[in-house]
Structures are given as structure tokens and as C-alpha cells.
Amino acid sequence: MAVPEGASCYFCLDEGPDEEGEPLVRDCSCRGDSAGFAHLSCIVHYAEHKSTLEANSPAFTTSWEDCPNCKQPYQNKLSLDLASAFVSFAEVTYGCPENSKWDKINVMHSLRSKIIILNNIMHSKSLYSSQDSGMLKVECETLIKKLLSMVERMKKDEKMDGWVHMPRTSFEYNFCEMIGVFEAFGYGCFGASMSLDKTEESNNTSIKYFEKARIIYNLFGKKKKSKEMESHIEIFRARSAKSNEDDTNVRATDIFEKLRINYETKLELHGLTSVVTMAAGLDYAKVLLNYNHGIEAERIVMKLVTESCRVHGPEHNCTKSAEELLEVCKERYVMVLPYRGNLFQALRYENDGEICVLTGPLAEPRKADDERMLQVASDLIRPTFGCPVICHGLVSASHLNGKVGHVRAFHKNSRLAVHFEDKSQKPASVKADNLRIAFELPTKG
Ligand SMILES: [Zn+2]
Ligand SMILES: [Zn+2]
């Protein structure tokens with residue numbers, strides 16, 4: 001990240017690197033030439049101070065996770081550096097064996113915070129690049145084990161057996177609930193971490209851990225969290241079933257449904273612009289796209305790009321990954337008649353739509369150097385399955401003009417089966433002449 005000339009740390013107000021050469025950093029949703037730059041050590045001092053005042057309250061973790069300036073989470077290396085500093089601070093301040101149970105809970109909060117960061121980083125790496133996240137995974141699982149063993153010790157030391165049956169308003173019940181939520185969190189994250197191995201075996205282990213977490217959340221009536229675990233379990237079950245069965249169509253709808261529920265659950269739990277919801281939205285959109293539901297995918301990704309840009313800014317990881325996927329969503333694939341087995345990407349119309357500009361033929365994977373641009377008469381172009389199209393020039397079915405849909409099948413006499421975005425509109429068999437490629441989706445409503 002380039003630090004603009006004259007930027008200064010908003011804690012100590014010094015410009016540029018400090019005497020020890022510590023550079024200014026910024027990796028949150030702050031934007032512009034001056035907002036939000038700071039020395040890591042200044043953020044750490046500030047967070048130490050804040051969390052000492054806020055020990056044993058939800059705000060204990062906030063100053064380590066969220067930038068006080070833009071109120072959004074830190075990301076990437078900065079978030080990890082701060083999470084590590086948080087754990088060190090909490091362990092030194094509150095981690096002695098003779099410390100009280102409330103002190104130990106502070107340590108558990110810091111472990112939880114770092115586990116979340118590691119999980120976020122690992123999952124975004126595995127989604128958007130193939131960098132080795134093995135080291136992070138080992139560290140994450142070590143921290144989870146540490147947290148779970150603290151939970152076990154706490155249960156024993158406080159003799160918590162049976163507390164869950166105390167009246168809901170009692171101190172015992174509430175304490176038991178708090179420890180239970182830590183435990184469920186640990187199991188849930190273990191499941192998420194195991195899932196990175198992407199083997200049949202790790203898949204099943206993930207399911208087991210999500211189950212454990214779900215049971216505990218259920219026990220304490222945490223409906224949303226238990227629903228979240230439920231949707232993870234369903235996705236993993238659908239995935240292992242998919243690799244076992246040939247009935248891909250049934251499975252595809254199954255997977256859409258699970259991923260959609262997962263996205264909607266996250267939306268409800270964390271809000272649209274949270275990193276977790278965005279990742280779930282992109283996962284859902286990718287599957288939609290792979291199964292030729294391009295319009296739906298493009299609509300979702302467009303919304304994610306706009307919202308992420310508004311809240312996190314154009315340089316943010318969330319925005320970049322959403323934009324990358326939007327590019328893919330906007331690719332329009334076509335064939336040229338007579339069909340010789342080649343696919344092309346349509347780029348735009350020229351001459352009032354008489355000519356379509358293409359690039360191709362497309363190889364798998366694409367090699368930009370081997371592709372060339374060509375101009376083809378539009379009546380020789382056939383959109384492929386999933387390509388968004390708009391009806392025009394229909395006379396007897398004029399109500400369909402301007403309606404967008406995608407191609408689902410080829411019929412006789414140059415007709416194509418079109419399924420409309422507007423589900424109240426029945427699929428129709430439309431002549432190729434009456435269809436144009438929708439390079440931009442019309443705004444809804
Ligand atoms: Zn500073
Ligand atoms: Zn910020």
C-alpha cells in the first residue's frame with residue numbers, strides 16, 4: 001500500500017515513519033489521502049487502553065478489530081497483526097493461573113477474535129487465490145484447541161455440570177450460556193478450518209463439528225447461530241452427495257438452495273456489507289453462474305459491488321473479489337453459424353445491431369494471444385445456454401418485448417427457448433431474430 005506524501009498517524013500526529021522507522025499503515029475501509037493512517041504500535045496502545053477500560057464487556061474486543069475512524073473491520077495482514085497483539089496483551093494481563101474466571105474470559109475473547117481473523121484470511125485465500133494457507137490453518141487449529149481446553153477447565157473448576165438446568169435468569173445459567181457459546185464457536189470454527197482440506201474425509205469431519213456446535217447453540221436457544229450451522233451442514237452434505245451421484249440436475253438445485261439459505265442467514269446475522277456475508281454471496285453467485293443462472297448471479301454480484309464500494313471503498317478485498325466475479329458474470333458467450341464447435345465472447349453490437357463484435361474462438365483455459373476480434377452479421381450469432389437476452393420486435397407476443405431472460409434450449413426453425421427473469425412470465429420459444437444479447441441488464445422494475 002502506498003502512503004501518500006504528508007499523511008500522518010491519527011494517534012500521535014507524526015508524519016510518515018516514526019523514529020524506529022515504523023511505517024504508517026491502513027487497511028480498513030478508510031479512504032482518501034489522509035484518513036485513517038496510523039502506526040501499528042499506536043493502534044495497539046490505543047486498543048490496550050480502550051480494552052482495559054472495557055474488560056468483561058462486548059467492547060473489550062472492538063478496538064482490536066474495528067478501525068475507530070471508519071468503524072469497519074481491519075483486514076489482511078493488519079487485522080492479523082492486531083489480533084496477535086490482542087492475544088499477547090490478554091494473555092500477559094489476564095492469563096496467569098491465579099487470575100479470576102472473569103480474567104480468563106477476557107483471554108478467551110482474545111483467542112476468539114484471532115480465530116475469526118485467521119478463518120477469514122484462510123477462506124478468502126482459498127476462494128480467490130491458491131496461496132498456501134497451511135501455516136495459518138495450523139495456527140488457527142492450535143488456537144481453537146487452546147480455547148476449547150480453557151472451556152473444559154472452566155467447566156471443571158467452576159463445577160458447572162447441571163448449570164444449564166438452572167433458571168434462565170440465574171447467574172449460573174448465564175455463565176453457563178457464555179461458556180457454551182465459546183464452546184460452540186470453537187467447534188464451528190474447527191469445522192470451517194477442516195473444510196479447507198476439501199477431501200471426502202475432511203468434509204465429514206467438518207459436518208461432525210458443525211453438528212456439535214449446532215447442538216450447543218440449540219441448547220441455549222441461539223436460533224440464528226444454530227440455523228447458520230444447519231446451513232453449513234446442509235451445504236457439506238449436498239457436496240459429498242454430489243460427488244457420489246450422477247443425478248447432477250437434482251443436486252444442482254439442491255446446492256443452490258443451500259447456498260442461498262446460507263447467504264440469507266449470513267445477511268440476517270451480519271448484514272450485507274460484512275466480510276462473511278459478501279463471501280457467502282459470492283459463493284452463491286458462482287454456483288448460479290456455473291449452472292447458467294447468469295442473470296440472477298449478475299444481479300447479486302452487482303449489488304455486492306455497489307454496496308461494498310460504498311461502505312468499504314474500491315480498494316477493499318470485498319470490492320475487488322466482487323468486481324472480479326462481476327467481470328465474469330458479464331461475459332456473453334455465443335456461437336457463430338454454421339456451428340463448428342467453437343465458442344466466442346460477444347463484446348458489443350455495431351451498426352444499429354446489424355453487426356456483432358466478437359473475440360475468439362475461446363480455448364479452455366482462455367489464451368488471450370490466440371483470440372482475435374471479428375465482426376459478424378448478427379443474424380449468424382446464437383447466444384449459448386445461460387446468455388442473457390432481450391426480446392424485441394415481437395408482434396403477436398408484443399408483451400414480451402423488452403423482457404430479459406436466458407436461453408435454455410434450441411428448438412427447430414431458429415427458435416430458442418427463453419426463460420424469463422420475471423418468473424410470472426412463462427418460458428417462450430422465440431425466433432433468434434427477435435432476440436438480442438443483453439450486454440447490460442436492464443434496471444429492475
Ligand atoms: Zn503514531
Ligand atoms: Zn478505517
# chains A, B, ... in the order shown; residues from 1 in each chain; ligands from 1
>>> residues_near_ligand(ligand="ligand 2", cutoff="12 Å", atoms="only C-alpha atoms and all ligand atoms", output="VMD selection string")
chain A and resid 10 25 to 32 34 to 38 43 63 65 to 75 78 to 79 311 to 313 316
>>> closest_atom_pairs(of="chain A", to="ligand 1", cutoff="8 Å", atoms="only C-alpha atoms and all ligand atoms", output="tab-separated table")
residue	atom	partner	partner_atom_place_in_ligand_line	distance
A:Ser8	CA	ligand 1	1 (Zn)	7.7
A:Cys9	CA	ligand 1	1 (Zn)	4.6
A:Tyr10	CA	ligand 1	1 (Zn)	6.7
A:Phe11	CA	ligand 1	1 (Zn)	5.2
A:Cys12	CA	ligand 1	1 (Zn)	4.2
A:Leu13	CA	ligand 1	1 (Zn)	6.3
A:Asp14	CA	ligand 1	1 (Zn)	6.0
A:Asp18	CA	ligand 1	1 (Zn)	7.1
A:Leu24	CA	ligand 1	1 (Zn)	7.6
A:Ala38	CA	ligand 1	1 (Zn)	5.3
A:His39	CA	ligand 1	1 (Zn)	4.4
A:Leu40	CA	ligand 1	1 (Zn)	7.5
A:Ser41	CA	ligand 1	1 (Zn)	7.0
A:Cys42	CA	ligand 1	1 (Zn)	4.7
A:Ile43	CA	ligand 1	1 (Zn)	7.6
>>> select_by_dssp(residues="region 122-242 of chain A", states="helix (DSSP H, G or I)", output="PyMOL selection string")
chain A and resi 122-128+134-157+163-165+171-197+200-219+223-242
